[in-house]
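Peer 1: I have a structure I would like to understand better, so I am pasting it below and will then ask my questions one at a time.
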Amino acid sequence: MVKKSKWEWEQGFFFIILLLHCLPILLLTPFVTLDGPAHLYNAHLMLEVLFGKTPVIHSFFEFNTFPEPNWTGHFLLMVLQAILPILWAEKVIIILIFVLMALGFRKLILTIQPNSAYLSWMVFPFLFNFPLLLGFFNFVLALALLPWWINWWLKNHQNGLLIKNGFFVTLLFMVLYFSHLVVFLLAGLSAGIISIFH
């Protein structure tokens, strides 16, 4: 029988703690947030505008053609509502935020200091954060994507603007822009600071 290394135990415990943080979302129905119901209703309206047969909705609502920020969360909720019950769609997006935030932060820590995986545990007190409980899904989703962006930029910014890199930078920036404008600007600022001082 092969003994597990300290690294494997630490990694296993990290995922157990992450799962324990997801349990309240799974067990509480509904998981109450301030703006969460408004986001769910907006996503439902989007589904109705796209695929509904109710003429009343089409006479009051239409899509804005300007590429506004704050679309990612609504789009994901709309897709999830098409395949899941409405309250489960909300649960899935919150769990997705938790997983992206925890794993992104861990990946960033391991990129900066590979021997300091224990520092990635500092993300857990911030999973149930105030903007999440306010129901600011787009903002928190963008924050969850930010460590992934910083990690990628740390590894690839010196490679120059190759076609593959340019495509990936554009894609990441678009996702961040359509998630939340403030985090999009923060991602650009972090990329600039890393490029200057790294």
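By convention in this document, the chains of the structure tokens carry letters A, B, ... by their order, each chain's residues are numbered from 1, and ligands are numbered from 1 in the order they are shown.
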List as a tab-separated table every residue of segment 4-70 of chain A that is in contact with segment 74-91 of chain A, defined as an atom at most 10 Å from one of its atoms (using only C-alpha atoms), together with the nearest atom pair and the distance in Å rounded to one decimal, sorted by chain and then rising number.
Peer 2:
residue	atom	partner	partner_atom	distance
A:Cys22	CA	A:Lys91	CA	9.1
A:Pro24	CA	A:Lys91	CA	9.8
A:Ile25	CA	A:Lys91	CA	6.0
A:Leu26	CA	A:Lys91	CA	6.6
A:Leu27	CA	A:Lys91	CA	9.7
A:Leu28	CA	A:Lys91	CA	9.3
A:Thr29	CA	A:Leu87	CA	7.3
A:Pro30	CA	A:Leu87	CA	6.4
A:Phe31	CA	A:Lys91	CA	7.4
A:Gly36	CA	A:Glu90	CA	7.7
A:Pro37	CA	A:Glu90	CA	9.0
A:His39	CA	A:His74	CA	6.5
A:Leu40	CA	A:Leu77	CA	6.8
A:Tyr41	CA	A:Ile86	CA	9.1
A:Asn42	CA	A:His74	CA	7.1
A:Ala43	CA	A:Met78	CA	4.6
A:His44	CA	A:Met78	CA	6.3
A:Leu45	CA	A:Met78	CA	8.7
A:Met46	CA	A:Met78	CA	6.8
A:Leu47	CA	A:Met78	CA	6.2
A:Glu48	CA	A:Met78	CA	9.8
A:Asn70	CA	A:His74	CA	7.4
Peer 1: Step one, run DSSP on the backbone; step two, keep only residues of segment 7-140 of chain A assigned to helix (DSSP H, G or I); then write them as a compact mmCIF listing (two decimals) with N, CA and C atoms, in the first residue's frame.
Peer 2:
# COMPACT_ATOMS: atom_id res chain seq x y z
N TRP A 7 1.22 16.46 0.30
CA TRP A 7 0.58 17.27 -0.73
C TRP A 7 -0.78 16.70 -1.10
N GLU A 8 -0.86 15.35 -1.27
CA GLU A 8 -2.14 14.72 -1.64
C GLU A 8 -3.18 14.88 -0.53
N TRP A 9 -2.76 14.76 0.74
CA TRP A 9 -3.68 14.95 1.86
C TRP A 9 -4.20 16.38 1.88
N GLU A 10 -3.29 17.32 1.71
CA GLU A 10 -3.68 18.74 1.73
C GLU A 10 -4.67 19.04 0.60
N GLN A 11 -4.39 18.51 -0.59
CA GLN A 11 -5.26 18.73 -1.74
C GLN A 11 -6.64 18.11 -1.50
N GLY A 12 -6.66 16.91 -0.93
CA GLY A 12 -7.92 16.24 -0.62
C GLY A 12 -8.75 17.03 0.39
N PHE A 13 -8.10 17.52 1.44
CA PHE A 13 -8.81 18.31 2.45
C PHE A 13 -9.33 19.63 1.86
N PHE A 14 -8.57 20.21 0.93
CA PHE A 14 -9.01 21.44 0.28
C PHE A 14 -10.35 21.21 -0.42
N PHE A 15 -10.45 20.12 -1.16
CA PHE A 15 -11.68 19.83 -1.89
C PHE A 15 -12.83 19.46 -0.95
N ILE A 16 -12.51 18.82 0.17
CA ILE A 16 -13.55 18.50 1.16
C ILE A 16 -14.12 19.79 1.75
N ILE A 17 -13.25 20.73 2.10
CA ILE A 17 -13.71 22.01 2.66
C ILE A 17 -14.52 22.79 1.63
N LEU A 18 -14.10 22.73 0.37
CA LEU A 18 -14.85 23.39 -0.70
C LEU A 18 -16.25 22.77 -0.82
N LEU A 19 -16.33 21.46 -0.74
CA LEU A 19 -17.63 20.78 -0.80
C LEU A 19 -18.50 21.18 0.40
N LEU A 20 -17.91 21.29 1.59
CA LEU A 20 -18.67 21.71 2.77
C LEU A 20 -19.21 23.13 2.61
N HIS A 21 -18.47 23.98 1.92
CA HIS A 21 -18.97 25.34 1.67
C HIS A 21 -20.14 25.34 0.69
N CYS A 22 -20.19 24.34 -0.17
CA CYS A 22 -21.30 24.24 -1.15
C CYS A 22 -22.56 23.64 -0.53
N LEU A 23 -22.44 22.95 0.60
CA LEU A 23 -23.59 22.28 1.21
C LEU A 23 -24.74 23.24 1.57
N PRO A 24 -24.49 24.40 2.17
CA PRO A 24 -25.63 25.28 2.48
C PRO A 24 -26.42 25.69 1.23
N ILE A 25 -25.71 25.86 0.13
CA ILE A 25 -26.41 26.24 -1.11
C ILE A 25 -27.29 25.09 -1.58
N LEU A 26 -26.77 23.87 -1.45
CA LEU A 26 -27.55 22.70 -1.89
C LEU A 26 -28.72 22.42 -0.96
N LEU A 27 -28.53 22.63 0.35
CA LEU A 27 -29.55 22.25 1.32
C LEU A 27 -30.63 23.30 1.54
N GLY A 36 -30.98 38.18 -5.93
CA GLY A 36 -31.08 36.89 -6.63
C GLY A 36 -32.40 36.67 -7.34
N PRO A 37 -33.55 36.91 -6.67
CA PRO A 37 -34.84 36.72 -7.36
C PRO A 37 -35.01 37.61 -8.58
N ALA A 38 -34.48 38.83 -8.54
CA ALA A 38 -34.57 39.72 -9.70
C ALA A 38 -33.78 39.16 -10.88
N HIS A 39 -32.59 38.60 -10.59
CA HIS A 39 -31.78 37.99 -11.65
C HIS A 39 -32.50 36.77 -12.24
N LEU A 40 -33.11 35.98 -11.38
CA LEU A 40 -33.84 34.81 -11.87
C LEU A 40 -35.00 35.23 -12.75
N TYR A 41 -35.71 36.27 -12.33
CA TYR A 41 -36.86 36.74 -13.11
C TYR A 41 -36.41 37.32 -14.45
N ASN A 42 -35.31 38.09 -14.43
CA ASN A 42 -34.78 38.64 -15.69
C ASN A 42 -34.37 37.55 -16.66
N ALA A 43 -33.73 36.50 -16.13
CA ALA A 43 -33.34 35.38 -16.98
C ALA A 43 -34.58 34.68 -17.55
N HIS A 44 -35.63 34.57 -16.72
CA HIS A 44 -36.88 33.97 -17.20
C HIS A 44 -37.50 34.83 -18.31
N LEU A 45 -37.48 36.15 -18.14
CA LEU A 45 -37.99 37.06 -19.17
C LEU A 45 -37.19 36.92 -20.47
N MET A 46 -35.86 36.77 -20.33
CA MET A 46 -35.03 36.58 -21.52
C MET A 46 -35.43 35.32 -22.27
N LEU A 47 -35.69 34.25 -21.54
CA LEU A 47 -36.16 33.00 -22.17
C LEU A 47 -37.49 33.22 -22.88
N GLU A 48 -38.38 33.97 -22.23
CA GLU A 48 -39.69 34.23 -22.82
C GLU A 48 -39.59 35.09 -24.08
N VAL A 49 -38.69 36.09 -24.05
CA VAL A 49 -38.52 36.95 -25.23
C VAL A 49 -37.95 36.14 -26.39
N LEU A 50 -37.02 35.23 -26.09
CA LEU A 50 -36.40 34.43 -27.15
C LEU A 50 -37.32 33.32 -27.67
N PHE A 51 -37.94 32.58 -26.75
CA PHE A 51 -38.64 31.36 -27.16
C PHE A 51 -40.12 31.33 -26.78
N PRO A 55 -47.64 36.93 -26.52
CA PRO A 55 -47.47 38.20 -27.24
C PRO A 55 -47.34 39.41 -26.32
N VAL A 56 -47.88 39.31 -25.11
CA VAL A 56 -47.80 40.45 -24.17
C VAL A 56 -46.34 40.76 -23.85
N ILE A 57 -45.55 39.74 -23.62
CA ILE A 57 -44.14 39.96 -23.27
C ILE A 57 -43.41 40.62 -24.43
N HIS A 58 -43.68 40.18 -25.66
CA HIS A 58 -43.01 40.76 -26.83
C HIS A 58 -43.42 42.21 -27.06
N SER A 59 -44.58 42.60 -26.58
CA SER A 59 -44.99 43.99 -26.76
C SER A 59 -44.36 44.92 -25.72
N PHE A 60 -43.81 44.37 -24.65
CA PHE A 60 -43.19 45.20 -23.60
C PHE A 60 -41.67 45.10 -23.55
N THR A 72 -23.20 38.12 -18.41
CA THR A 72 -22.76 36.73 -18.24
C THR A 72 -23.65 35.97 -17.27
N GLY A 73 -23.90 36.56 -16.10
CA GLY A 73 -24.73 35.88 -15.11
C GLY A 73 -26.14 35.65 -15.61
N HIS A 74 -26.71 36.65 -16.28
CA HIS A 74 -28.06 36.50 -16.81
C HIS A 74 -28.11 35.43 -17.90
N PHE A 75 -27.09 35.43 -18.76
CA PHE A 75 -27.06 34.44 -19.83
C PHE A 75 -26.95 33.02 -19.26
N LEU A 76 -26.04 32.85 -18.28
CA LEU A 76 -25.90 31.52 -17.66
C LEU A 76 -27.18 31.09 -16.96
N LEU A 77 -27.83 32.02 -16.24
CA LEU A 77 -29.10 31.69 -15.58
C LEU A 77 -30.17 31.33 -16.61
N MET A 78 -30.18 32.03 -17.73
CA MET A 78 -31.17 31.73 -18.77
C MET A 78 -30.96 30.31 -19.31
N VAL A 79 -29.72 29.96 -19.62
CA VAL A 79 -29.41 28.62 -20.14
C VAL A 79 -29.76 27.56 -19.10
N LEU A 80 -29.38 27.82 -17.84
CA LEU A 80 -29.67 26.85 -16.78
C LEU A 80 -31.17 26.69 -16.55
N GLN A 81 -31.92 27.79 -16.65
CA GLN A 81 -33.37 27.71 -16.46
C GLN A 81 -34.05 26.92 -17.58
N ALA A 82 -33.40 26.87 -18.73
CA ALA A 82 -33.97 26.10 -19.85
C ALA A 82 -33.90 24.60 -19.58
N ILE A 83 -32.97 24.19 -18.68
CA ILE A 83 -32.81 22.75 -18.44
C ILE A 83 -33.05 22.32 -16.99
N ILE A 86 -36.06 26.53 -11.67
CA ILE A 86 -35.52 27.89 -11.50
C ILE A 86 -34.61 28.02 -10.26
N LEU A 87 -35.00 27.43 -9.13
CA LEU A 87 -34.18 27.56 -7.93
C LEU A 87 -32.89 26.74 -8.03
N TRP A 88 -32.92 25.66 -8.79
CA TRP A 88 -31.70 24.87 -9.00
C TRP A 88 -30.75 25.59 -9.94
N ALA A 89 -31.28 26.37 -10.86
CA ALA A 89 -30.42 27.17 -11.73
C ALA A 89 -29.60 28.15 -10.89
N GLU A 90 -30.25 28.76 -9.90
CA GLU A 90 -29.53 29.68 -9.00
C GLU A 90 -28.48 28.94 -8.19
N LYS A 91 -28.81 27.75 -7.69
CA LYS A 91 -27.84 26.97 -6.92
C LYS A 91 -26.62 26.63 -7.76
N VAL A 92 -26.85 26.23 -9.00
CA VAL A 92 -25.74 25.84 -9.88
C VAL A 92 -24.81 27.02 -10.13
N ILE A 93 -25.38 28.21 -10.36
CA ILE A 93 -24.51 29.36 -10.65
C ILE A 93 -23.72 29.77 -9.40
N ILE A 94 -24.31 29.66 -8.22
CA ILE A 94 -23.57 30.01 -6.99
C ILE A 94 -22.46 28.99 -6.74
N ILE A 95 -22.74 27.72 -6.95
CA ILE A 95 -21.70 26.69 -6.79
C ILE A 95 -20.60 26.88 -7.82
N LEU A 96 -20.98 27.25 -9.05
CA LEU A 96 -19.98 27.54 -10.08
C LEU A 96 -19.08 28.69 -9.64
N ILE A 97 -19.66 29.72 -9.06
CA ILE A 97 -18.88 30.86 -8.56
C ILE A 97 -17.91 30.39 -7.47
N PHE A 98 -18.40 29.58 -6.54
CA PHE A 98 -17.54 29.08 -5.47
C PHE A 98 -16.36 28.28 -6.02
N VAL A 99 -16.66 27.37 -6.93
CA VAL A 99 -15.62 26.49 -7.48
C VAL A 99 -14.61 27.31 -8.28
N LEU A 100 -15.09 28.22 -9.13
CA LEU A 100 -14.18 29.05 -9.92
C LEU A 100 -13.30 29.91 -9.02
N MET A 101 -13.90 30.49 -7.97
CA MET A 101 -13.14 31.37 -7.08
C MET A 101 -12.08 30.58 -6.30
N ALA A 102 -12.48 29.46 -5.71
CA ALA A 102 -11.55 28.68 -4.89
C ALA A 102 -10.42 28.08 -5.73
N LEU A 103 -10.76 27.47 -6.85
CA LEU A 103 -9.74 26.83 -7.68
C LEU A 103 -8.87 27.87 -8.39
N GLY A 104 -9.46 28.99 -8.80
CA GLY A 104 -8.67 30.04 -9.43
C GLY A 104 -7.66 30.65 -8.47
N PHE A 105 -8.10 30.90 -7.23
CA PHE A 105 -7.19 31.45 -6.23
C PHE A 105 -6.08 30.45 -5.92
N ARG A 106 -6.44 29.17 -5.80
CA ARG A 106 -5.44 28.13 -5.53
C ARG A 106 -4.43 28.05 -6.67
N LYS A 107 -4.91 28.09 -7.89
CA LYS A 107 -4.01 28.03 -9.06
C LYS A 107 -3.07 29.24 -9.08
N LEU A 108 -3.60 30.41 -8.74
CA LEU A 108 -2.77 31.61 -8.71
C LEU A 108 -1.69 31.51 -7.64
N ILE A 109 -2.06 31.04 -6.46
CA ILE A 109 -1.08 30.86 -5.38
C ILE A 109 0.01 29.87 -5.80
N LEU A 110 -0.39 28.76 -6.41
CA LEU A 110 0.59 27.75 -6.84
C LEU A 110 1.48 28.26 -7.96
N THR A 111 0.99 29.19 -8.76
CA THR A 111 1.83 29.80 -9.80
C THR A 111 2.85 30.74 -9.18
N ILE A 112 2.41 31.54 -8.21
CA ILE A 112 3.31 32.51 -7.58
C ILE A 112 4.32 31.82 -6.66
N ALA A 117 0.97 25.91 -1.00
CA ALA A 117 -0.43 25.58 -1.30
C ALA A 117 -1.35 25.92 -0.12
N TYR A 118 -0.82 25.85 1.09
CA TYR A 118 -1.65 26.14 2.27
C TYR A 118 -2.19 27.57 2.26
N LEU A 119 -1.52 28.48 1.56
CA LEU A 119 -2.02 29.87 1.47
C LEU A 119 -3.33 29.95 0.69
N SER A 120 -3.58 28.95 -0.17
CA SER A 120 -4.82 28.98 -0.95
C SER A 120 -6.05 28.76 -0.07
N TRP A 121 -5.85 28.27 1.15
CA TRP A 121 -6.97 28.08 2.09
C TRP A 121 -7.54 29.41 2.55
N MET A 122 -6.80 30.51 2.32
CA MET A 122 -7.28 31.83 2.73
C MET A 122 -8.51 32.27 1.93
N VAL A 123 -8.83 31.56 0.85
CA VAL A 123 -9.99 31.94 0.04
C VAL A 123 -11.31 31.57 0.73
N PHE A 124 -11.30 30.58 1.60
CA PHE A 124 -12.56 30.07 2.14
C PHE A 124 -13.37 31.10 2.94
N PRO A 125 -12.76 31.95 3.77
CA PRO A 125 -13.59 32.95 4.46
C PRO A 125 -14.26 33.95 3.52
N PHE A 126 -13.79 34.02 2.27
CA PHE A 126 -14.31 35.01 1.33
C PHE A 126 -15.33 34.44 0.35
N PHE A 130 -20.09 39.46 0.96
CA PHE A 130 -21.22 40.39 1.01
C PHE A 130 -21.88 40.60 -0.36
N PRO A 131 -21.09 40.83 -1.44
CA PRO A 131 -21.75 40.98 -2.76
C PRO A 131 -22.54 39.74 -3.18
N LEU A 132 -22.07 38.55 -2.82
CA LEU A 132 -22.82 37.33 -3.15
C LEU A 132 -24.15 37.32 -2.41
N LEU A 133 -24.12 37.65 -1.12
CA LEU A 133 -25.36 37.64 -0.34
C LEU A 133 -26.31 38.77 -0.78
N LEU A 134 -25.76 39.82 -1.38
CA LEU A 134 -26.61 40.85 -1.98
C LEU A 134 -27.21 40.38 -3.30
N PHE A 137 -24.63 38.66 -8.72
CA PHE A 137 -24.05 37.48 -9.35
C PHE A 137 -23.02 37.83 -10.41
N ASN A 138 -23.28 38.86 -11.22
CA ASN A 138 -22.33 39.23 -12.28
C ASN A 138 -21.00 39.70 -11.69
N PHE A 139 -21.06 40.52 -10.66
CA PHE A 139 -19.85 41.02 -10.03
C PHE A 139 -19.04 39.89 -9.41
N VAL A 140 -19.72 39.01 -8.67
CA VAL A 140 -19.01 37.92 -7.99
C VAL A 140 -18.47 36.91 -9.01
Peer 1: Please, what distance in Å, to one decimal, runs between atom CA of Tyr177 of chain A and atom CA of Pro69 of chain A?
Peer 2: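 Atom CA of Pro69 of chain A lies at a distance of 5.8 Å from atom CA of Tyr177 of chain A.
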Peer 1: Write out as JSON, numbers by chain each polymer residue whose atoms come within 12 Å of segment 184-190 of chain A, counting only C-alpha atoms; drop sequence neighbours fewer than 3 positions from it.
Peer 2: {"A": [69, 70, 138, 139, 141, 142, 143, 144, 145, 146, 147, 148, 149, 150, 151, 152, 153, 154, 157, 169, 170, 172, 173, 174, 175, 176, 177, 178, 179, 180, 181, 193, 194, 195, 196, 197, 198]}
Peer 1: What does the distance from atom CA of Lys6 of chain A to atom CA of Gln113 of chain A come to in Å, to one decimal?
Peer 2: 16.8 Å
Peer 1: At what distance in Å, to one decimal, does atom CA of Trp71 of chain A lie from atom CA of Val182 of chain A?
Peer 2: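 Rounded to one decimal, the two atoms are 13.7 Å apart.
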